[in-house]
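The file protein.txt comes next; it holds compact mmCIF, C-alpha atoms and all ligand atoms.
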```
# COMPACT_ATOMS: atom_id res chain seq x y z
CA MET A 1 121.89 76.81 153.79
CA GLU A 2 124.48 75.68 151.26
CA HIS A 3 124.37 77.33 147.84
CA ILE A 4 123.25 74.76 145.23
CA SER A 5 124.98 75.34 141.89
CA VAL A 6 122.63 75.84 138.97
CA LEU A 7 122.80 73.95 135.62
CA LEU A 8 125.94 72.17 136.79
CA ASN A 9 125.72 69.16 134.42
CA GLU A 10 124.97 71.40 131.43
CA VAL A 11 127.97 73.63 132.20
CA ILE A 12 130.27 70.61 132.52
CA ASP A 13 128.93 69.18 129.23
CA PHE A 14 129.74 72.42 127.38
CA PHE A 15 133.28 72.25 128.80
CA GLN A 16 133.94 68.67 127.57
CA TYR A 17 136.50 69.99 125.06
CA LEU A 18 138.75 70.70 128.09
CA ASP A 19 139.26 66.98 128.60
CA LEU A 20 142.81 67.08 127.22
CA PRO A 21 146.29 66.12 128.42
CA GLU A 22 147.55 69.73 128.14
CA ASP A 23 147.08 72.36 130.87
CA LYS A 24 144.13 74.69 130.36
CA ILE A 25 143.01 77.80 132.23
CA VAL A 26 139.37 78.47 133.01
CA ALA A 27 138.04 81.65 134.62
CA ASP A 28 135.22 81.34 137.14
CA PHE A 29 134.15 84.98 137.28
CA THR A 30 131.47 84.40 139.95
CA LEU A 31 133.04 81.99 142.40
CA GLY A 32 130.29 82.20 145.08
CA GLY A 33 130.17 78.95 147.05
CA GLY A 34 132.68 77.37 144.64
CA GLY A 35 130.27 74.74 143.28
CA HIS A 36 130.97 75.28 139.58
CA SER A 37 134.72 75.57 140.23
CA GLU A 38 134.75 72.36 142.25
CA ALA A 39 132.89 70.40 139.57
CA ILE A 40 135.29 71.68 136.87
CA LEU A 41 138.37 70.83 138.96
CA GLN A 42 137.00 67.35 139.70
CA ARG A 43 136.06 66.56 136.12
CA PHE A 44 139.01 68.06 134.19
CA LYS A 45 142.31 67.04 135.74
CA ASN A 46 144.45 69.41 133.66
CA VAL A 47 142.41 72.52 134.22
CA LYS A 48 143.56 75.36 136.45
CA ILE A 49 141.04 77.94 137.61
CA VAL A 50 141.31 81.67 138.14
CA ALA A 51 138.36 82.54 140.38
CA PHE A 52 136.92 86.01 140.94
CA ASP A 53 134.35 87.28 143.41
CA LYS A 54 133.69 90.78 144.69
CA ASP A 55 132.45 89.32 147.98
CA GLN A 56 135.29 88.50 150.38
CA PHE A 57 133.03 85.99 152.18
CA ALA A 58 132.72 83.94 148.94
CA ILE A 59 136.49 83.94 148.55
CA ASP A 60 137.11 82.83 152.16
CA TYR A 61 134.38 80.18 152.05
CA SER A 62 135.53 78.70 148.73
CA GLN A 63 139.18 78.81 149.71
CA LYS A 64 138.29 76.40 152.55
CA ARG A 65 135.97 74.28 150.40
CA LEU A 66 138.55 73.93 147.64
CA GLU A 67 141.58 73.42 149.91
CA ALA A 68 142.25 70.03 148.25
CA TYR A 69 142.73 71.82 144.91
CA LYS A 70 144.81 74.73 146.18
CA ASP A 71 147.59 74.13 143.62
CA ARG A 72 145.10 74.44 140.77
CA ILE A 73 143.08 77.49 141.78
CA GLN A 74 143.91 81.15 142.25
CA PHE A 75 141.46 83.44 144.09
CA ILE A 76 141.01 87.10 143.19
CA HIS A 77 138.85 89.43 145.26
CA SER A 78 137.60 91.78 142.56
CA ASP A 79 134.67 92.78 140.46
CA PHE A 80 134.75 90.64 137.32
CA SER A 81 134.44 93.74 135.16
CA ASN A 82 138.00 94.65 136.24
CA PHE A 83 139.46 91.22 135.44
CA ASP A 84 141.99 92.68 133.01
CA ASP A 85 143.73 94.49 135.89
CA PHE A 86 144.98 91.03 136.94
CA ILE A 87 145.29 89.03 133.72
CA ASP A 88 147.76 89.27 130.82
CA TYR A 89 146.92 85.96 129.09
CA LYS A 90 143.95 84.35 127.40
CA PHE A 91 141.48 81.88 128.92
CA ASP A 92 140.54 78.44 127.56
CA GLY A 93 137.07 78.69 129.05
CA ALA A 94 135.00 80.98 131.25
CA ILE A 95 131.85 80.82 133.33
CA LEU A 96 129.65 83.49 134.88
CA ASP A 97 126.77 82.54 137.15
CA LEU A 98 125.33 85.97 137.78
CA GLY A 99 123.55 87.55 140.71
CA ILE A 100 123.63 86.79 144.39
CA SER A 101 124.10 83.46 146.13
CA SER A 102 122.04 81.76 148.85
CA PHE A 103 124.61 83.06 151.35
CA HIS A 104 123.56 86.60 150.61
CA ILE A 105 119.90 85.84 151.28
CA ASP A 106 120.46 83.56 154.26
CA ASP A 107 122.82 85.91 156.09
CA LYS A 108 120.23 88.46 157.21
CA SER A 109 122.94 90.94 158.17
CA ARG A 110 123.67 91.44 154.46
CA GLY A 111 120.36 93.29 154.10
CA PHE A 112 118.96 91.42 151.07
CA SER A 113 115.95 89.70 152.67
CA PHE A 114 112.51 91.28 153.11
CA ASP A 115 111.80 89.93 156.57
CA SER A 116 114.91 91.05 158.38
CA ASP A 117 115.31 93.79 160.95
CA GLU A 118 118.88 94.36 159.77
CA PRO A 119 119.98 97.57 158.02
CA LEU A 120 119.25 97.90 154.31
CA ASP A 121 122.65 97.14 152.81
CA MET A 122 122.65 94.82 149.74
CA ARG A 123 126.31 95.42 148.83
CA MET A 124 127.96 92.33 147.38
CA ASP A 125 131.33 93.90 148.13
CA ARG A 126 131.28 95.07 151.74
CA SER A 127 134.70 96.67 151.37
CA ASP A 128 133.17 99.18 148.94
CA ALA A 129 131.55 101.87 151.06
CA SER A 130 130.39 104.02 148.15
CA LEU A 131 126.69 103.05 148.03
CA SER A 132 124.26 100.97 150.10
CA ALA A 133 120.54 100.26 149.71
CA ALA A 134 119.88 102.63 152.63
CA ASP A 135 121.66 105.46 150.73
CA ILE A 136 119.41 104.93 147.73
CA VAL A 137 116.16 104.58 149.66
CA ASN A 138 116.83 107.55 151.94
CA ASN A 139 118.63 110.00 149.65
CA TYR A 140 117.44 109.51 146.08
CA LYS A 141 114.85 111.94 144.73
CA PHE A 142 111.46 110.91 143.35
CA ALA A 143 112.60 110.69 139.70
CA GLU A 144 115.68 108.61 140.51
CA LEU A 145 113.71 106.11 142.63
CA GLN A 146 111.02 105.93 139.96
CA ARG A 147 113.64 105.25 137.26
CA ILE A 148 115.34 102.51 139.31
CA PHE A 149 112.05 100.73 140.04
CA LYS A 150 110.89 101.00 136.41
CA GLU A 151 114.20 100.12 134.76
CA PHE A 152 115.67 97.55 137.12
CA GLY A 153 112.47 96.16 138.65
CA GLU A 154 110.37 96.40 135.48
CA ILE A 155 107.55 97.77 137.65
CA SER A 156 105.26 99.81 135.43
CA ARG A 157 103.58 101.84 138.21
CA PRO A 158 105.93 102.36 141.12
CA ASN A 159 104.78 105.93 141.96
CA LYS A 160 102.60 105.10 144.97
CA VAL A 161 105.50 103.28 146.61
CA VAL A 162 107.96 106.06 145.72
CA ASN A 163 105.63 108.67 147.26
CA ALA A 164 105.19 106.50 150.35
CA ILE A 165 108.97 106.18 150.78
CA ILE A 166 109.39 109.92 150.47
CA ASP A 167 106.54 110.53 152.95
CA TYR A 168 108.05 108.07 155.43
CA ARG A 169 111.42 109.81 155.17
CA ARG A 170 109.88 113.08 156.38
CA SER A 171 109.57 111.69 159.88
CA LYS A 172 112.23 108.97 159.95
CA ARG A 173 114.90 107.23 157.86
CA VAL A 174 114.01 103.87 156.33
CA GLU A 175 116.57 101.85 158.27
CA THR A 176 115.71 98.16 157.95
CA CYS A 177 114.66 95.69 155.26
CA ARG A 178 111.40 95.08 157.12
CA GLU A 179 110.53 98.81 157.18
CA LEU A 180 110.97 98.98 153.41
CA SER A 181 108.99 95.83 152.68
CA GLU A 182 106.16 97.09 154.93
CA ILE A 183 106.02 100.37 152.98
CA ILE A 184 105.86 98.39 149.74
CA ARG A 185 103.28 95.93 151.04
CA LYS A 186 100.94 98.76 152.12
CA ASN A 187 101.26 100.65 148.85
CA PHE A 188 101.56 98.08 146.07
CA PHE A 189 99.05 95.55 144.91
CA SER A 190 100.15 92.50 142.95
CA ASN A 191 97.99 89.72 141.49
CA ASN A 192 100.85 87.29 141.84
CA ARG A 193 100.30 85.70 145.23
CA LYS A 194 103.21 83.28 144.85
CA ILE A 195 105.85 86.01 144.89
CA ASN A 196 106.35 88.56 147.67
CA VAL A 197 105.27 92.00 146.41
CA ALA A 198 108.59 93.43 147.56
CA THR A 199 110.60 91.10 145.29
CA LYS A 200 110.85 93.37 142.25
CA PHE A 201 111.51 96.49 144.36
CA PHE A 202 114.31 94.75 146.25
CA GLN A 203 115.73 93.39 142.97
CA ALA A 204 115.75 96.92 141.52
CA ILE A 205 117.59 98.41 144.50
CA ARG A 206 120.09 95.52 144.55
CA ILE A 207 120.87 96.01 140.86
CA ALA A 208 121.41 99.73 141.43
CA VAL A 209 123.58 99.29 144.55
CA ASN A 210 125.91 96.84 142.81
CA ASP A 211 125.70 98.38 139.32
CA GLU A 212 124.98 94.84 138.18
CA LEU A 213 124.04 95.64 134.58
CA GLY A 214 126.92 98.10 134.12
CA CYS A 215 129.39 95.43 135.29
CA ILE A 216 128.08 92.88 132.77
CA GLU A 217 128.28 95.42 129.94
CA LYS A 218 131.81 96.47 130.88
CA PHE A 219 132.87 92.82 131.15
CA LEU A 220 131.37 91.87 127.77
CA SER A 221 133.05 94.83 126.09
CA LYS A 222 136.48 93.22 126.65
CA ILE A 223 136.24 89.52 127.47
CA PHE A 224 136.26 88.34 123.84
CA ASP A 225 139.82 89.66 123.45
CA PHE A 226 140.88 87.47 126.39
CA MET A 227 139.53 84.16 125.10
CA ASN A 228 141.55 81.66 123.06
CA VAL A 229 140.21 80.35 119.76
CA GLY A 230 138.10 77.25 120.44
CA SER A 231 137.33 78.33 124.02
CA ARG A 232 133.81 78.75 125.36
CA LEU A 233 132.16 81.48 127.40
CA GLN A 234 129.16 80.32 129.45
CA ILE A 235 126.83 82.79 131.12
CA ILE A 236 123.93 81.98 133.45
CA SER A 237 121.54 84.85 134.09
CA PHE A 238 118.53 85.05 136.38
CA HIS A 239 116.38 87.83 134.99
CA SER A 240 115.50 89.27 131.62
CA LEU A 241 117.59 92.43 132.07
CA GLU A 242 120.81 90.44 132.44
CA ASP A 243 119.83 87.94 129.78
CA ARG A 244 119.04 90.68 127.24
CA ILE A 245 122.53 92.19 127.63
CA VAL A 246 124.16 88.77 127.15
CA LYS A 247 121.91 87.90 124.18
CA ASN A 248 122.62 91.21 122.41
CA SER A 249 126.35 91.02 123.04
CA PHE A 250 126.52 87.46 121.66
CA LYS A 251 124.40 88.50 118.66
CA TYR A 252 126.79 91.37 117.92
CA GLN A 253 129.91 89.20 118.28
CA ALA A 254 128.35 86.51 116.04
CA ALA A 255 127.53 88.95 113.24
CA ASP A 256 129.85 89.35 110.24
CA CYS A 257 128.25 92.62 109.15
CA VAL A 258 126.58 95.40 111.13
CA CYS A 259 125.98 97.81 108.23
CA PRO A 260 122.53 99.44 108.08
CA ILE A 261 120.14 97.58 105.72
CA SER A 262 120.13 100.63 103.40
CA VAL A 263 123.83 100.05 102.54
CA MET A 264 124.25 98.05 99.31
CA ARG A 265 127.75 96.75 99.98
CA CYS A 266 129.21 95.91 103.38
CA CYS A 267 131.66 98.56 104.59
CA CYS A 268 131.77 97.88 108.33
CA ASN A 269 134.75 95.48 108.39
CA LYS A 270 133.04 93.67 111.24
CA VAL A 271 134.70 90.38 112.13
CA LYS A 272 132.55 87.49 113.31
CA LYS A 273 134.19 86.46 116.59
CA ILE A 274 131.94 83.73 117.95
CA ASN A 275 129.48 80.97 117.17
CA ILE A 276 126.47 80.90 119.44
CA LEU A 277 126.02 77.33 120.70
CA THR A 278 122.66 77.96 122.37
CA LYS A 279 120.22 79.29 119.76
CA LYS A 280 117.72 79.38 122.61
CA PRO A 281 118.98 79.73 126.18
CA ILE A 282 119.09 76.52 128.21
CA SER A 283 116.77 76.32 131.21
CA PRO A 284 116.93 73.90 134.14
CA SER A 285 114.97 70.66 133.90
CA GLU A 286 111.81 70.13 135.93
CA SER A 287 113.74 67.84 138.25
CA GLU A 288 116.42 70.49 138.87
CA ILE A 289 113.72 73.07 139.62
CA GLY A 290 112.12 70.53 141.98
CA ARG A 291 115.44 70.17 143.83
CA ASN A 292 116.34 73.85 143.76
CA LYS A 293 113.55 76.43 143.41
CA ARG A 294 116.07 79.22 142.95
CA SER A 295 117.10 77.69 139.61
CA ARG A 296 113.69 78.25 138.02
CA SER A 297 114.56 81.53 136.30
CA ALA A 298 118.09 80.53 135.22
CA LYS A 299 119.07 80.81 131.55
CA LEU A 300 122.38 79.56 130.17
CA ARG A 301 123.90 81.01 126.98
CA VAL A 302 127.13 79.67 125.53
CA ALA A 303 129.45 81.15 122.91
CA GLU A 304 132.42 79.50 121.19
CA ILE A 305 135.25 81.81 120.20
CA ILE A 306 136.29 81.37 116.56
CA VAL A 307 138.92 84.08 115.96
C1 LIG A 401 125.13 82.88 141.95
S1 LIG A 401 126.58 83.12 142.85
C2 LIG A 401 127.71 81.99 142.12
C3 LIG A 401 127.60 80.61 142.64
C4 LIG A 401 128.67 79.67 142.17
N1 LIG A 401 128.66 79.51 140.74
C5 LIG A 401 128.54 78.30 142.84
O1 LIG A 401 128.36 77.30 142.14
O2 LIG A 401 128.63 78.23 144.07
C6 LIG A 401 127.16 84.63 142.21
C7 LIG A 401 128.43 85.15 142.86
O3 LIG A 401 128.95 86.15 142.00
C8 LIG A 401 129.40 87.23 142.75
N2 LIG A 401 129.30 88.41 141.87
C9 LIG A 401 128.18 88.96 141.36
N3 LIG A 401 128.49 90.01 140.58
C10 LIG A 401 129.84 90.11 140.59
C11 LIG A 401 130.77 90.98 139.97
N4 LIG A 401 130.35 92.01 139.18
N5 LIG A 401 132.08 90.78 140.17
C12 LIG A 401 132.51 89.74 140.95
N6 LIG A 401 131.68 88.90 141.59
C13 LIG A 401 130.36 89.08 141.41
C14 LIG A 401 128.52 87.29 143.96
O4 LIG A 401 129.17 87.90 145.03
C15 LIG A 401 128.22 85.79 144.21
O5 LIG A 401 129.12 85.27 145.14
```

Reformat the file's structure so that it appears as structure tokens.
Amino acid sequence: MEHISVLLNEVIDFFQYLDLPEDKIVADFTLGGGGHSEAILQRFKNVKIVAFDKDQFAIDYSQKRLEAYKDRIQFIHSDFSNFDDFIDYKFDGAILDLGISSFHIDDKSRGFSFDSDEPLDMRMDRSDASLSAADIVNNYKFAELQRIFKEFGEISRPNKVVNAIIDYRRSKRVETCRELSEIIRKNFFSNNRKINVATKFFQAIRIAVNDELGCIEKFLSKIFDFMNVGSRLQIISFHSLEDRIVKNSFKYQAADCVCPISVMRCCCNKVKKINILTKKPISPSESEIGRNKRSRSAKLRVAEIIV
């Protein structure tokens, strides 16, 4: 199934200031299926794109899809948190559409889907052999698994599942996605019948395998120094853990003072770097959710760089 880009019209609307005769450079830090990049290239004739993805499949796929624009797009196979290894200039706009794409779910061999008999993998970057879902599930101790499920899955009582995983491991490794989802199904009760009980557990493992939150934090710690004045940074997140990091980072960058309340006179020298253009995050319309169920949890936050 093709990946349907989320909040596409909204993203284009926030980039309207790019409609200029001069050349502009936009970073697409999560290229995926190339949908956002394609729409930007189509709409803004003087924009060039620098596109990152840590998944080589996304790069290869989008390179073919965007062949017609090859003179206006550069592809970089890298984690977006390392973007400054490749860049020595500032961007006129940037977009991040976080998480995994439909390709990851649909290609069962990637090990993201509950009902597959493929090995537990879940790496976005298959050239990075350092950690897979199987490593976590089979090697991590009770406390580490418990922490991952609580922190990254926001599951308040994961212990029965953790014990069941550890029990299972005594006789055999947990090899496939289906084995893991069966263990979860037998040991976790959820009132929510619309969502597979394994969803939050799989999300937690995926976040840990790809260090998804660490990458966003590392990225946000430096991106504001690589954005031109007047440019906009747009970030689409899909769960509250990602969104909280983005919200707090924007709040910090938008503040002109971070002194404790007890201090009478400001002494922090904090510079306000951005205006937040989305006081509340933007969510997809009902009709978008109707067309693309995956968009239902999307939240778009946009910042405009002012210094
Ligand atoms: C939701 S998809 C993007 C879809 C894209 N905007 C489109 O319209 O087709 C997210 C993509 O970001 C990539 N990705 C996620 N985290 C990344 C990271 N830390 N560094 C680089 N790429 C990342 C994933 O591999 C995936 O291809």

Write out as a PyMOL selection string each polymer residue (protein, DNA or RNA) that has an atom no more than 9 Å from ligand LIG 401 (chain A), with all atoms listed in the file counted. chain A and resi 2-6+8+28-39+52-59+62+77-83+95-104+123-125+210-216+219+236-238

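Between CA of Asp84 in chain A and CA of Arg206 in chain A the interatomic distance comes to 24.9 Å.
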
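Take CA of Ala94 in chain A and CA of Gln234 in chain A: the distance between them is 6.1 Å.
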
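With CA of Leu145 in chain A on one side and CA of Ser109 in chain A on the other, the separation reads 23.6 Å.
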
Using only C-alpha atoms, the residue out of A:Lys141, A:Lys200, A:Lys247, A:Arg178 with shortest distance to Asn163 in chain A is A:Lys141

ask   = Within 9 Å of (104.5, 92.1, 148.1), in the coordinates the file gives, what residues turn up when you count all atoms listed in the file, written out as a list in words?
value = Ser181, Glu182, Ile184, Arg185, Lys186, Phe188, Phe189, Ser190, Asn192, Arg193, Ile195, Asn196, Val197, Ala198, Thr199 and Lys200 of chain A

Shell of 8 Å around Val258 in chain A, all atoms listed in the file, local chain residues under 4 positions omitted, as a ChimeraX atom specification = /A:252,268,270

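When all atoms listed in the file are used to compute distances to Ala254 in chain A, the closest of the residues A:Asn9, A:Asn275, A:Ser132, A:Asn269 turns out to be A:Asn275.
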
With distances taken over all atoms listed in the file, the candidate from A:Asp85, A:Glu179, A:Glu304, A:Glu67 nearest Phe224 in chain A is A:Glu304

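Around Asp92 in chain A, within 7 Å and counting only C-alpha atoms, the residues found are Lys24, Ile25, Val26, Lys90, Met227, Asn228 and Ser231 of chain A, once anything fewer than 2 positions away on its own chain is removed.
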
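Counting only C-alpha atoms, Ile289 in chain A has the following residues at most 12 Å away, ignoring those fewer than 3 positions along the same chain: Ile4, Ser5, Val6, Leu7, Ser283, Pro284, Ser285, Glu286, Asn292, Lys293, Arg294, Ser295, Arg296, Ser297 and Ala298 of chain A.
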
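Of the residues listed (A:Lys160, A:Lys299, A:Arg265, A:Arg244), A:Arg244 shows the shortest atom-to-atom separation from Glu217 in chain A; distances use only C-alpha atoms.
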
Take every atom of range 51-60 of chain A listed in the file, fit an axis-aligned box around them, add 6 Å per side, and give the centre and edge lengths in Å to one decimal as JSON.
```
{"center_x": 135.4, "center_y": 86.7, "center_z": 146.3, "size_x": 17.9, "size_y": 20.2, "size_z": 23.8}
```

At a cut-off of 12 Å around the point (114.0, 100.7, 135.2) (file coordinates), what residues fall inside when counting all atoms listed in the file? I'd like the answer as a compact mmCIF listing (two decimals) with C-alpha atoms, in the frame of the given file.
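point-v4.txt was written with the following content:
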```txt
# COMPACT_ATOMS: atom_id res chain seq x y z
CA ALA A 143 112.60 110.69 139.70
CA GLU A 144 115.68 108.61 140.51
CA LEU A 145 113.71 106.11 142.63
CA GLN A 146 111.02 105.93 139.96
CA ARG A 147 113.64 105.25 137.26
CA ILE A 148 115.34 102.51 139.31
CA PHE A 149 112.05 100.73 140.04
CA LYS A 150 110.89 101.00 136.41
CA GLU A 151 114.20 100.12 134.76
CA PHE A 152 115.67 97.55 137.12
CA GLY A 153 112.47 96.16 138.65
CA GLU A 154 110.37 96.40 135.48
CA ILE A 155 107.55 97.77 137.65
CA SER A 156 105.26 99.81 135.43
CA ARG A 157 103.58 101.84 138.21
CA PRO A 158 105.93 102.36 141.12
CA LYS A 200 110.85 93.37 142.25
CA PHE A 201 111.51 96.49 144.36
CA GLN A 203 115.73 93.39 142.97
CA ALA A 204 115.75 96.92 141.52
CA ILE A 205 117.59 98.41 144.50
CA ILE A 207 120.87 96.01 140.86
CA ALA A 208 121.41 99.73 141.43
CA LEU A 213 124.04 95.64 134.58
CA LEU A 241 117.59 92.43 132.07
```
